[in-house]
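Novice: Mind looking over this structure? Questions follow.
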Amino acid sequence: MSNVTDILRIDGLKTRFFTDNGQVNAVEDLDVRIEDGEVFGIVGESGSGKSVMALSIIDLIERPGRITDGEIWFRAPDIADELVETDAVDGDYVDLRAMSPEQRGLLRGSRFSMIFQDPMSSFNPSITVGEQIAEAVEAQRRARSNPRSLDAKSQHYGLTDYLLGGVLSSKRYVSEPSLDRAIELLELVGIPDPAERAEEYPHEYSGGMLQRAMIAQALAGEPDVLIADEPTTALDVTIQAQVLDLLAELQTETGMTILLITHNLGVVARMCDRVGVMYAGEIVERGTLGDVFDNPVHPYTQGLLGSIPDLQGVAERLQPIEGNVPSLLDHEMPDRCYFADRCPKAMEECLEHPPELAVNDRGQHATRCYLAETEYTAAKALPTDYFGATEAPAEADTAPEEPTATDGGDHQ
Amino acid sequence: MGLGKFLIKRTIQGVIVIWGVVTITFFLRFLTPGDPVSALTPPDAGPEVRERMAENLGLNDPIHIQYADYITDLLMLDLGTSMRTGRSASIMILARLPATLELALAATIISMIIAIPLGVISARRRHQKSDYAATMFSLLGISTPNFWLGIMLIILVAVVVGPIPTGGRDVSFWEATVMLFLEANPRGFGNWAIHIFLPAITLGTYFTALLTRLTRSGMLEELGKTYVEATRAKGLPETLVLYKHVLRNTLIPIITVLGLQLGTLIGGAVITEEVFSWPGIGSFLIQQIAYRDWVLIQGILIVIGVGFVVINIIVDAMYAKLNPKVVTE
Amino acid sequence: MISKRLKQSLRSELRTSLMAKIGLVLILLILIVAMFAPFLAPHHPTETRVSDDPEVDKTDLPPIGMGYETSETRLVDGEMQTVETTIEPDHSFILGTNTLGQDILSRLMYGARVSVLVGVLGALLATAIGVPYGLTAGYFGDRIDDSLMRGADMMLAFPSLVLAIALVGVFRDTDFHTQQIPDPFVLAARHDTLGSFVPRGEHVAAMPASITFPVTVTLVVALVNWVWFARVARGEAMAIRQEEYVKAAKSVGASNATIIRQHVLPNSLTPVIVLATIQVAAIILLESALSYLGFSETTLTWGYDIQQGQSAAATYWWIAFMPGMAIVIAVISINLLGDWLRDALDPSIEGEGGV
Ligand SMILES: Nc1ncnc2c1ncn2[C@@H]1O[C@H](COP(=O)(O)OP(=O)(O)O)[C@@H](O)[C@H]1O
Ligand code: SF4
Ligand SMILES: [Mg+2]
């Protein structure tokens with residue numbers, strides 16, 4: 001814990017879903033550090049656990065899922081002051097996992113906020129966009145009017161308040177100033193005629209405009225960390241660029257940290273300072289953009305990047321790699337490198353699960369692959385049909401439906 | 001389409017249905033064997049008297065004239081003359097209407113107060129004991145004949161609580177209110193409440209069970225949507241996430257189902273009134289069937305049919321108001 | 001029509017759902033009881049056992065295990081005296097007897113016959129009216145759809161019970177039909193045609209030779225409930241007529257009637273089957289309500305027995321309680337069956353019904 005510029009340090013995070021088919025290890029022993037003010041990219045195929053990781057940070061994992069292990073250290077000196085003398089504090093850092101659910105709830109919107117893949121389904125269809133953004137503003141206004149940021153009681157807004165709000169305007173949750181601020185925010189993200197558009201419903205917006213509105217909503221609480229889960233995947237190519245520009249611009253202005261989740265390598269190359277590559281719930285390779293893109297060590301990363309020589313020529317989309325993402329079902333996860341069955345360089349040592357290994361002495365670039373330390377020689381290679389006969393059928397059976405069934409956080 | 005335009009369209013449709021209802025009941029007269037002339041004249045009346053009566057009633061006119069007269073009378077809210085008593089059907093039915101409205105409203109309110117929280121809890125604690133209990137309750141509720149439930153409640157109350165009134169109606173809600181405000185006498189209200197309690201529970205049970213079921217499944221569907229996650233992510237208190245967003249969106253489609261199911265409520269009222277001797281139009285209908293007073297029967301059918309159509313127009317208006325897509329698309 | 005995939009999903013739903021199993025077992029039980037009532041019923045359902053002699057008086061016997069104390073005033077040694085007596089249940093009347101001394105259990109078993117017959121035949125009849133109506137509306141669309149469905153809406157403006165009461169009122173005075181359905185088991189036992197094939201021959205021979213089937217009531221419940229079938233069939237037909245194979249059939253010159261019969265009808269059956277199941281429950285409830293109100297011309301039904309027990313309900317609670325329980329159990333098991341079919345076949349179908 002020497003580098004004080006980290007805003008987030010995740011250690012050994014495990015998030016599991018206890019489904020009827022068995023336990024799904026969606027995030028497995030994940031370690032990552034995110035620096036204050038950077039844009040950190042997370043790339044990986046569909047179903048590799050990116051969204052679950054994001055939801056774990058912001059504490060929105062719902063039954064049947066649960067974070068079972070790990071620590072999430074977040075730099076927040078003011079909160080550390082409030083919680084001093086508890087296990088949850090280490091210097092300026094607090095462990096989110098050691099805080100109560102109520103306290104963590106208060107960090108949503110104010111410290112962390114999130115934008116989602118599909119803006120159309122991420123807004124409530126029956127409430128105006130302006131009102132929904134104003135709700136976000138109001139939540140933070142109420143939080144800030146309170147000297148202690150973790151005092152959940154004074155922010156309490158119960159059922160009686162809500163019911164009374166139907167009759168008494170003084171009891172309504174959203175106040176006039178918040179509505180005005182919502183319009184300002186809409187203007188800030190480049191929506192023309194913000195006052196009128198605030199009165200409109202989500203279905204009256206175009207996809208790009210609505211994604212801007214969602215960014216406005218996420219900015220309402222001036223968060224320290226903005227998690228963007230595939231923010232442009234659902235948009236047209238031309239609109240994608242505009243939304244990314246907007247994000248970059250806002251990031252420069254506010255200095256917030258962005259955790260950018262995507263499976264578009266072009267987006268990563270354009271936006272990110274550092275990258276983590278995710279596979280089967282783990283970060284298999286991480287480092288600066290240059291480290292990972294110019295000098296990928298993990299065969300999965302290499303596969304993703306294809307045979308592209310330099311940053312300028314990076315492919316738009318992930319290169320498809322032969323084979324399927326593992327099911328992540330606990331009883332189907334072997335005790336070996338999870339990628340070994342698809343890896344062209346699988347060796348004898350790969351039959352033991354690799355730890356995270358440093359690639360060079362600078363300490364940034366690391367990978368969960370033995371190739372960081374050993375050279376690949378044909379002599380050590382596993383026979384080509386080593387996994388083919390035993391494991392492939394089982395995986396081919398379950399894997400194809402996984403990504404579609406879960407991508408975008410659909411719980412049903 | 002604006003809300004106003006939507007409502008106009010809906011009202012025109014409603015008027016057509018009402019016209020159909022009225023026409024069906026008009027022809028009902030010709031299906032029934034009862035003869036209004038014999039009903040309204042003394043048994044020993046001679047043929048001239050009978051002829052004059054038929055003439056007065058317009059029964060000698062060609063059918064289209066009769067139909068036109070009938071519609072004209074209806075437009076003037078005249079439902080005819082009771083065959084048995086010779087009194088105005090409109091007035092007789094109107095006198096019975098408040099009791100039914102009170103009962104239906106009380107049942108609806110009790111249902112909503114019980115069912116919505118039950119459905120919410122059930123959905124929130126899916127696959128836990130309270131969820132199973134709520135599911136069992138709603139299965140029982142939709143499978144129990146309400147007349148039997150009423151009888152069982154009467155027995156149960158008599159045994160457990162002791163003698164409280166289990167039938168009839170002393171004061172109307174209106175009278176009770178007047179007593180409360182003008183005479184500062186709350187006793188009328190107590191009397192009203194104690195009489196309506198059992199019938200309202202009896203009538204409301206099916207509705208409560210249905211609403212619990214619909215709320216539960218609707219909440220489960222709604223809770224799975226991404227916007228719920230997004231709403232939580234922006235830091236909104238959980239109460240608001242649940243009630244302002246999820247429950248509200250759950251109830252919007254339920255409203256239309258309930259509109260259709262109001263028919264069940266009115267049908268249930270008929271038999272509930274019979275069990276509890278509640279002086280509404282339901283027990284009145286059964287009485288008149290026994291007396292074979294077809295003018296009154298027709299009148300009651302028209303009132304129920306028109307009431308049902310009007311309620312459904314109101315329900316659709318609420319739906320349109322709550323669901324912006326209906327109006328703007 | 002019933003594909004392999006369908007059978008599979010039915011089976012897997014049944015395996016995972018305890019409720020579906022319970023429903024299926026109960027339904028089978030009810031069907032068996034209704035079918036073999038003459039064998040299973042311990043007593044004649046309408047035989048009364050009223051007598052002046054308290055020793056043989058079998059009225060108002062409580063169910064087994066429900067003996068109770070009462071005081072009665074009677075003539076003892078020439079003067080009126082109030083004596084405490086304990087009314088003990090009689091072991092051959094498991095569910096007790098009613099005020100006429102009829103065995104409640106036997107009546108419930110015979111009542112099941114009427115409920116099952118009216119429920120199933122009523123639902124079939126409603127299907128037969130509603131499905132062609134709805135298919136026509138949905139298949140042709142536009143004007144035809146508008147006018148047909150507007151007509152159906154008018155039916156919906158009346159609550160089913162109100163409409164049923166009015167129709168029964170009309171039919172009652174014109175031509176109200178009941179049909180005596182002879183009981184083959186009893187006849188066989190009486191004529192000894194099957195000889196020793198009929199077990200308990202003498203017992204069966206003493207049972208009623210026929211049951212009264214309320215024809216008019218069955219017609220009325222079908223007339224009241226066909227609209228739901230029309231609505232569902234219409235929705236299906238509207239979706240199916242957009243399908244390629246329908247367009248293809250049209251392009252080769254198939255007539256509308258042929259297309260409806262060969263393509264639209266078979267493909268809309270699934271939701272109709274689910275609805276029909278749920279409607280059997282709704283119709284049983286409706287029939288019981290009509291019998292309770294005295295609008296059914298047969299008295300061997302659950303609804304009538306409830307009405308019969310109502311006046312005595314304060315003291316002899318079981319007389320009204322038992323037939324009600326029979327209705328609840330029958331309706332619950334059909335609803336469970338309906339839930340099972342719906343979950344297995346098509347989760348998007350919504351069921352309506354009830355009194
Ligand atoms: N609500 C859930 N219930 C069960 N499993 C889930 C749920 N959400 C996600 N998962 C599992 O977690 C894994 C990772 O999902 P996700 O994080 O959405 O992938 P990504 O965002 O990388 O495409 C998937 O394999 C999926 O099976
Ligand atoms: S550890 Fe072995 S199997 Fe895994 S990616 Fe590296 S080389 Fe391939
Ligand atoms: Mg995702």
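How things are named: the first chain in the structure tokens is A, the next is B, and so on; residues count from 1 in each chain; ligands count from 1 in the order shown.
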Once you count only C-alpha atoms, which residues of chain B turn out to be within 9 Å of chain A? Could you give them as a PDB file with N, CA, C and O atoms, in the first residue's frame?

Specialist:
ATOM      1  N   LEU B 220     -41.825  -9.230  -9.847  1.00  0.00           N
ATOM      2  CA  LEU B 220     -40.676 -10.070 -10.185  1.00  0.00           C
ATOM      3  C   LEU B 220     -40.168  -9.723 -11.579  1.00  0.00           C
ATOM      4  O   LEU B 220     -38.970  -9.614 -11.815  1.00  0.00           O
ATOM      5  N   GLU B 221     -41.108  -9.545 -12.498  1.00  0.00           N
ATOM      6  CA  GLU B 221     -40.700  -9.213 -13.850  1.00  0.00           C
ATOM      7  C   GLU B 221     -40.016  -7.848 -13.871  1.00  0.00           C
ATOM      8  O   GLU B 221     -38.961  -7.676 -14.473  1.00  0.00           O
ATOM      9  N   LEU B 223     -38.576  -6.182 -11.402  1.00  0.00           N
ATOM     10  CA  LEU B 223     -37.312  -6.122 -10.649  1.00  0.00           C
ATOM     11  C   LEU B 223     -36.140  -6.639 -11.478  1.00  0.00           C
ATOM     12  O   LEU B 223     -34.991  -6.321 -11.202  1.00  0.00           O
ATOM     13  N   GLY B 224     -36.429  -7.462 -12.497  1.00  0.00           N
ATOM     14  CA  GLY B 224     -35.355  -7.998 -13.321  1.00  0.00           C
ATOM     15  C   GLY B 224     -34.865  -7.018 -14.374  1.00  0.00           C
ATOM     16  O   GLY B 224     -33.921  -7.298 -15.083  1.00  0.00           O
ATOM     17  N   LYS B 225     -35.525  -5.870 -14.480  1.00  0.00           N
ATOM     18  CA  LYS B 225     -35.165  -4.959 -15.563  1.00  0.00           C
ATOM     19  C   LYS B 225     -33.956  -4.097 -15.185  1.00  0.00           C
ATOM     20  O   LYS B 225     -33.729  -3.802 -14.020  1.00  0.00           O
ATOM     21  N   THR B 226     -33.236  -3.683 -16.214  1.00  0.00           N
ATOM     22  CA  THR B 226     -31.992  -2.948 -15.983  1.00  0.00           C
ATOM     23  C   THR B 226     -32.222  -1.613 -15.295  1.00  0.00           C
ATOM     24  O   THR B 226     -31.375  -1.154 -14.532  1.00  0.00           O
ATOM     25  N   TYR B 227     -33.345  -0.975 -15.577  1.00  0.00           N
ATOM     26  CA  TYR B 227     -33.496   0.364 -15.020  1.00  0.00           C
ATOM     27  C   TYR B 227     -33.516   0.344 -13.495  1.00  0.00           C
ATOM     28  O   TYR B 227     -33.190   1.336 -12.855  1.00  0.00           O
ATOM     29  N   VAL B 228     -33.891  -0.801 -12.922  1.00  0.00           N
ATOM     30  CA  VAL B 228     -33.892  -0.891 -11.461  1.00  0.00           C
ATOM     31  C   VAL B 228     -32.460  -0.772 -10.947  1.00  0.00           C
ATOM     32  O   VAL B 228     -32.176  -0.008 -10.011  1.00  0.00           O
ATOM     33  N   GLU B 229     -31.557  -1.488 -11.599  1.00  0.00           N
ATOM     34  CA  GLU B 229     -30.140  -1.399 -11.254  1.00  0.00           C
ATOM     35  C   GLU B 229     -29.657   0.049 -11.411  1.00  0.00           C
ATOM     36  O   GLU B 229     -28.970   0.587 -10.545  1.00  0.00           O
ATOM     37  N   ALA B 230     -30.039   0.651 -12.542  1.00  0.00           N
ATOM     38  CA  ALA B 230     -29.589   2.015 -12.814  1.00  0.00           C
ATOM     39  C   ALA B 230     -30.125   2.979 -11.770  1.00  0.00           C
ATOM     40  O   ALA B 230     -29.433   3.908 -11.345  1.00  0.00           O
ATOM     41  N   THR B 231     -31.368   2.741 -11.336  1.00  0.00           N
ATOM     42  CA  THR B 231     -31.962   3.635 -10.356  1.00  0.00           C
ATOM     43  C   THR B 231     -31.266   3.489  -9.003  1.00  0.00           C
ATOM     44  O   THR B 231     -31.066   4.462  -8.285  1.00  0.00           O
ATOM     45  N   ARG B 232     -30.899   2.247  -8.681  1.00  0.00           N
ATOM     46  CA  ARG B 232     -30.148   2.054  -7.440  1.00  0.00           C
ATOM     47  C   ARG B 232     -28.773   2.680  -7.561  1.00  0.00           C
ATOM     48  O   ARG B 232     -28.269   3.276  -6.615  1.00  0.00           O
ATOM     49  N   ALA B 233     -28.169   2.528  -8.760  1.00  0.00           N
ATOM     50  CA  ALA B 233     -26.795   3.002  -8.934  1.00  0.00           C
ATOM     51  C   ALA B 233     -26.689   4.510  -8.733  1.00  0.00           C
ATOM     52  O   ALA B 233     -25.654   5.007  -8.348  1.00  0.00           O
ATOM     53  N   LYS B 234     -27.771   5.237  -8.990  1.00  0.00           N
ATOM     54  CA  LYS B 234     -27.648   6.679  -8.822  1.00  0.00           C
ATOM     55  C   LYS B 234     -27.883   7.108  -7.379  1.00  0.00           C
ATOM     56  O   LYS B 234     -27.858   8.284  -7.079  1.00  0.00           O
ATOM     57  N   GLY B 235     -28.115   6.160  -6.491  1.00  0.00           N
ATOM     58  CA  GLY B 235     -28.152   6.466  -5.072  1.00  0.00           C
ATOM     59  C   GLY B 235     -29.528   6.770  -4.514  1.00  0.00           C
ATOM     60  O   GLY B 235     -29.657   7.312  -3.428  1.00  0.00           O
ATOM     61  N   LEU B 236     -30.569   6.420  -5.254  1.00  0.00           N
ATOM     62  CA  LEU B 236     -31.927   6.681  -4.757  1.00  0.00           C
ATOM     63  C   LEU B 236     -32.243   5.763  -3.580  1.00  0.00           C
ATOM     64  O   LEU B 236     -31.884   4.592  -3.603  1.00  0.00           O
ATOM     65  N   PRO B 237     -32.913   6.284  -2.525  1.00  0.00           N
ATOM     66  CA  PRO B 237     -33.277   5.414  -1.397  1.00  0.00           C
ATOM     67  C   PRO B 237     -34.113   4.235  -1.882  1.00  0.00           C
ATOM     68  O   PRO B 237     -34.926   4.381  -2.795  1.00  0.00           O
ATOM     69  N   GLU B 238     -33.931   3.092  -1.238  1.00  0.00           N
ATOM     70  CA  GLU B 238     -34.582   1.861  -1.682  1.00  0.00           C
ATOM     71  C   GLU B 238     -36.116   1.987  -1.707  1.00  0.00           C
ATOM     72  O   GLU B 238     -36.776   1.421  -2.569  1.00  0.00           O
ATOM     73  N   THR B 239     -36.668   2.735  -0.740  1.00  0.00           N
ATOM     74  CA  THR B 239     -38.125   2.927  -0.743  1.00  0.00           C
ATOM     75  C   THR B 239     -38.599   3.479  -2.081  1.00  0.00           C
ATOM     76  O   THR B 239     -39.597   3.031  -2.640  1.00  0.00           O
ATOM     77  N   LEU B 240     -37.863   4.498  -2.543  1.00  0.00           N
ATOM     78  CA  LEU B 240     -38.281   5.118  -3.800  1.00  0.00           C
ATOM     79  C   LEU B 240     -38.064   4.177  -4.972  1.00  0.00           C
ATOM     80  O   LEU B 240     -38.882   4.120  -5.886  1.00  0.00           O
ATOM     81  N   TYR B 243     -41.055   1.668  -4.628  1.00  0.00           N
ATOM     82  CA  TYR B 243     -42.438   2.123  -4.765  1.00  0.00           C
ATOM     83  C   TYR B 243     -42.629   3.085  -5.924  1.00  0.00           C
ATOM     84  O   TYR B 243     -43.531   2.926  -6.731  1.00  0.00           O
ATOM     85  N   LYS B 244     -41.746   4.091  -6.007  1.00  0.00           N
ATOM     86  CA  LYS B 244     -41.958   5.080  -7.073  1.00  0.00           C
ATOM     87  C   LYS B 244     -41.657   4.464  -8.442  1.00  0.00           C
ATOM     88  O   LYS B 244     -42.303   4.793  -9.421  1.00  0.00           O
ATOM     89  N   HIS B 245     -40.669   3.585  -8.483  1.00  0.00           N
ATOM     90  CA  HIS B 245     -40.305   3.044  -9.789  1.00  0.00           C
ATOM     91  C   HIS B 245     -40.919   1.667 -10.036  1.00  0.00           C
ATOM     92  O   HIS B 245     -41.759   1.505 -10.914  1.00  0.00           O
ATOM     93  N   VAL B 246     -40.498   0.679  -9.253  1.00  0.00           N
ATOM     94  CA  VAL B 246     -40.878  -0.701  -9.570  1.00  0.00           C
ATOM     95  C   VAL B 246     -42.376  -0.934  -9.382  1.00  0.00           C
ATOM     96  O   VAL B 246     -43.062  -1.397 -10.290  1.00  0.00           O
ATOM     97  N   ARG B 248     -44.858   1.129  -9.148  1.00  0.00           N
ATOM     98  CA  ARG B 248     -45.668   1.936 -10.057  1.00  0.00           C
ATOM     99  C   ARG B 248     -45.737   1.287 -11.433  1.00  0.00           C
ATOM    100  O   ARG B 248     -46.807   1.128 -12.011  1.00  0.00           O
ATOM    101  N   ASN B 249     -44.586   0.899 -11.934  1.00  0.00           N
ATOM    102  CA  ASN B 249     -44.587   0.257 -13.251  1.00  0.00           C
ATOM    103  C   ASN B 249     -45.283  -1.088 -13.235  1.00  0.00           C
ATOM    104  O   ASN B 249     -45.816  -1.532 -14.240  1.00  0.00           O
ATOM    105  N   LEU B 322     -50.958   7.136 -16.774  1.00  0.00           N
ATOM    106  CA  LEU B 322     -49.765   6.592 -16.130  1.00  0.00           C
ATOM    107  C   LEU B 322     -48.757   6.061 -17.133  1.00  0.00           C
ATOM    108  O   LEU B 322     -47.572   5.984 -16.846  1.00  0.00           O
ATOM    109  N   ASN B 323     -49.236   5.646 -18.285  1.00  0.00           N
ATOM    110  CA  ASN B 323     -48.330   5.066 -19.266  1.00  0.00           C
ATOM    111  C   ASN B 323     -48.159   6.013 -20.444  1.00  0.00           C
ATOM    112  O   ASN B 323     -48.988   6.056 -21.337  1.00  0.00           O
ATOM    113  N   PRO B 324     -47.071   6.782 -20.429  1.00  0.00           N
ATOM    114  CA  PRO B 324     -46.916   7.846 -21.427  1.00  0.00           C
ATOM    115  C   PRO B 324     -46.921   7.326 -22.862  1.00  0.00           C
ATOM    116  O   PRO B 324     -47.265   8.046 -23.777  1.00  0.00           O
ATOM    117  N   LYS B 325     -46.574   6.053 -23.054  1.00  0.00           N
ATOM    118  CA  LYS B 325     -46.478   5.553 -24.429  1.00  0.00           C
ATOM    119  C   LYS B 325     -47.843   5.524 -25.107  1.00  0.00           C
ATOM    120  O   LYS B 325     -47.940   5.736 -26.293  1.00  0.00           O
ATOM    121  N   THR B 328     -48.558   9.202 -26.306  1.00  0.00           N
ATOM    122  CA  THR B 328     -47.673   9.896 -27.239  1.00  0.00           C
ATOM    123  C   THR B 328     -47.401   9.124 -28.514  1.00  0.00           C
ATOM    124  O   THR B 328     -46.903   9.679 -29.457  1.00  0.00           O
TER     125      THR B 328
END

Novice: Using only C-alpha atoms and all ligand atoms, determine which residues fall within 10 Å of ligand 2, then list them as number ranges by chain.

Specialist: A: 284, 297-302, 336-355, 367-372, 374-376, 381-382

Novice: Residues of chain C were defined as contacting chain B if any atom lay at most 9 Å from it, counting only C-alpha atoms; please report them as a PyMOL selection string.

Specialist: chain C and resi 150-151+153-163+165-166+169-171+173-174+281-282+285-286+288-289+292-293+303+306-307+310+313-315+317+320-321+324-325+327-332+335-336+352-355

Novice: As a list in words, please: the residues near segment 117-133 of chain C (cut-off 7 Å, only C-alpha atoms, same-chain neighbours under 2 positions excluded).

Specialist: Arg113, Val114, Ser115, Leu135, Thr136, Ala137, Thr218, Leu219, Val221, Ala222, Leu223, Asn225, Trp226, Val227, Phe229, Ala230, Ala233, Ala276, Gln279, Val280, Ile283 and Ile284 of chain C

Novice: Would you mind exporting N, CA and C atoms of the selected residues as a PDB file, in the first residue's frame?

Specialist:
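Saved to selection_3.pdb:
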ATOM      1  N   ARG C 113     -70.137 -35.593  -9.538  1.00  0.00           N
ATOM      2  CA  ARG C 113     -70.529 -35.947 -10.902  1.00  0.00           C
ATOM      3  C   ARG C 113     -71.101 -34.737 -11.637  1.00  0.00           C
ATOM      4  N   VAL C 114     -71.983 -34.015 -10.959  1.00  0.00           N
ATOM      5  CA  VAL C 114     -72.587 -32.855 -11.616  1.00  0.00           C
ATOM      6  C   VAL C 114     -71.517 -31.798 -11.899  1.00  0.00           C
ATOM      7  N   SER C 115     -70.673 -31.540 -10.901  1.00  0.00           N
ATOM      8  CA  SER C 115     -69.645 -30.524 -11.097  1.00  0.00           C
ATOM      9  C   SER C 115     -68.733 -30.874 -12.252  1.00  0.00           C
ATOM     10  N   LEU C 135     -61.372 -17.038 -34.066  1.00  0.00           N
ATOM     11  CA  LEU C 135     -60.497 -17.301 -35.207  1.00  0.00           C
ATOM     12  C   LEU C 135     -60.955 -16.499 -36.419  1.00  0.00           C
ATOM     13  N   THR C 136     -62.261 -16.482 -36.639  1.00  0.00           N
ATOM     14  CA  THR C 136     -62.785 -15.721 -37.764  1.00  0.00           C
ATOM     15  C   THR C 136     -62.420 -14.247 -37.625  1.00  0.00           C
ATOM     16  N   ALA C 137     -62.683 -13.709 -36.439  1.00  0.00           N
ATOM     17  CA  ALA C 137     -62.391 -12.289 -36.225  1.00  0.00           C
ATOM     18  C   ALA C 137     -60.910 -12.008 -36.456  1.00  0.00           C
ATOM     19  N   THR C 218     -75.804 -25.924 -18.075  1.00  0.00           N
ATOM     20  CA  THR C 218     -74.588 -26.136 -18.859  1.00  0.00           C
ATOM     21  C   THR C 218     -74.548 -25.194 -20.058  1.00  0.00           C
ATOM     22  N   LEU C 219     -75.689 -25.066 -20.738  1.00  0.00           N
ATOM     23  CA  LEU C 219     -75.760 -24.128 -21.859  1.00  0.00           C
ATOM     24  C   LEU C 219     -75.447 -22.715 -21.397  1.00  0.00           C
ATOM     25  N   VAL C 221     -73.756 -21.594 -18.738  1.00  0.00           N
ATOM     26  CA  VAL C 221     -72.361 -21.307 -18.369  1.00  0.00           C
ATOM     27  C   VAL C 221     -71.500 -21.217 -19.625  1.00  0.00           C
ATOM     28  N   ALA C 222     -71.837 -21.992 -20.659  1.00  0.00           N
ATOM     29  CA  ALA C 222     -71.074 -21.888 -21.900  1.00  0.00           C
ATOM     30  C   ALA C 222     -71.339 -20.559 -22.577  1.00  0.00           C
ATOM     31  N   LEU C 223     -72.597 -20.142 -22.600  1.00  0.00           N
ATOM     32  CA  LEU C 223     -72.953 -18.865 -23.225  1.00  0.00           C
ATOM     33  C   LEU C 223     -72.305 -17.693 -22.513  1.00  0.00           C
ATOM     34  N   ASN C 225     -69.360 -17.855 -20.841  1.00  0.00           N
ATOM     35  CA  ASN C 225     -67.897 -17.864 -20.820  1.00  0.00           C
ATOM     36  C   ASN C 225     -67.216 -17.999 -22.178  1.00  0.00           C
ATOM     37  N   TRP C 226     -67.971 -18.127 -23.265  1.00  0.00           N
ATOM     38  CA  TRP C 226     -67.307 -18.333 -24.554  1.00  0.00           C
ATOM     39  C   TRP C 226     -66.453 -17.151 -24.962  1.00  0.00           C
ATOM     40  N   VAL C 227     -66.785 -15.948 -24.425  1.00  0.00           N
ATOM     41  CA  VAL C 227     -66.088 -14.743 -24.876  1.00  0.00           C
ATOM     42  C   VAL C 227     -64.585 -14.829 -24.612  1.00  0.00           C
ATOM     43  N   PHE C 229     -62.741 -17.390 -24.699  1.00  0.00           N
ATOM     44  CA  PHE C 229     -62.121 -18.205 -25.750  1.00  0.00           C
ATOM     45  C   PHE C 229     -62.008 -17.402 -27.044  1.00  0.00           C
ATOM     46  N   ALA C 230     -63.043 -16.627 -27.321  1.00  0.00           N
ATOM     47  CA  ALA C 230     -63.008 -15.820 -28.537  1.00  0.00           C
ATOM     48  C   ALA C 230     -61.824 -14.855 -28.488  1.00  0.00           C
ATOM     49  N   ALA C 233     -58.514 -16.871 -28.944  1.00  0.00           N
ATOM     50  CA  ALA C 233     -58.382 -17.396 -30.304  1.00  0.00           C
ATOM     51  C   ALA C 233     -58.115 -16.270 -31.287  1.00  0.00           C
ATOM     52  N   ALA C 276     -59.045 -23.464 -21.449  1.00  0.00           N
ATOM     53  CA  ALA C 276     -60.149 -24.384 -21.188  1.00  0.00           C
ATOM     54  C   ALA C 276     -59.987 -25.012 -19.804  1.00  0.00           C
ATOM     55  N   GLN C 279     -60.889 -22.522 -17.288  1.00  0.00           N
ATOM     56  CA  GLN C 279     -62.317 -22.247 -17.355  1.00  0.00           C
ATOM     57  C   GLN C 279     -63.159 -23.348 -16.691  1.00  0.00           C
ATOM     58  N   VAL C 280     -62.663 -24.580 -16.691  1.00  0.00           N
ATOM     59  CA  VAL C 280     -63.406 -25.631 -15.995  1.00  0.00           C
ATOM     60  C   VAL C 280     -63.568 -25.212 -14.528  1.00  0.00           C
ATOM     61  N   ILE C 283     -66.087 -22.429 -14.289  1.00  0.00           N
ATOM     62  CA  ILE C 283     -67.459 -22.898 -14.517  1.00  0.00           C
ATOM     63  C   ILE C 283     -67.971 -23.677 -13.308  1.00  0.00           C
ATOM     64  N   ILE C 284     -67.100 -24.449 -12.693  1.00  0.00           N
ATOM     65  CA  ILE C 284     -67.537 -25.156 -11.478  1.00  0.00           C
ATOM     66  C   ILE C 284     -67.967 -24.153 -10.407  1.00  0.00           C
TER      67      ILE C 284
END

Novice: Fewer than 2 positions away in the same chain doesn't count, so skip those; otherwise give me all residues within 7 Å of Ala80 of chain A, counting only C-alpha atoms, as a PyMOL selection string.

Specialist: chain A and resi 76-78+82-84+89+92-94

Novice: Using only C-alpha atoms, find the one residue out of C:Lys7, C:Thr16, C:Arg49, C:Gly23 that sits nearest to chain A.

Specialist: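 When distances to chain A are compared using only C-alpha atoms, the smallest one comes from C:Thr16.
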
Novice: I'd like to know which of A:Gly65, A:Arg274, A:Asp20, A:Asn295 is closest to chain C, using only C-alpha atoms.

Specialist: A:Asp20

Novice: With a distance cut-off of 7 Å and only C-alpha atoms, select the neighbouring residues of segment 213-216 of chain C, excluding the residue or stretch itself and same-chain residues fewer than 5 positions from it, and output the selection as a list in words.

Specialist: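 Contacts, with the query itself left out: Val114, Phe176, His177, Thr178, Gln179, Gln180, Ile181, Ser296, Glu297 and Thr298 of chain C.
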
Novice: Skipping near chain neighbours, those fewer than 4 positions away, what residues fall within 12 Å of Pro266 of chain C using only C-alpha atoms, listed as a PyMOL selection string?

Specialist: chain C and resi 1-3+131+135+233+236-237+240+258-262+270-273
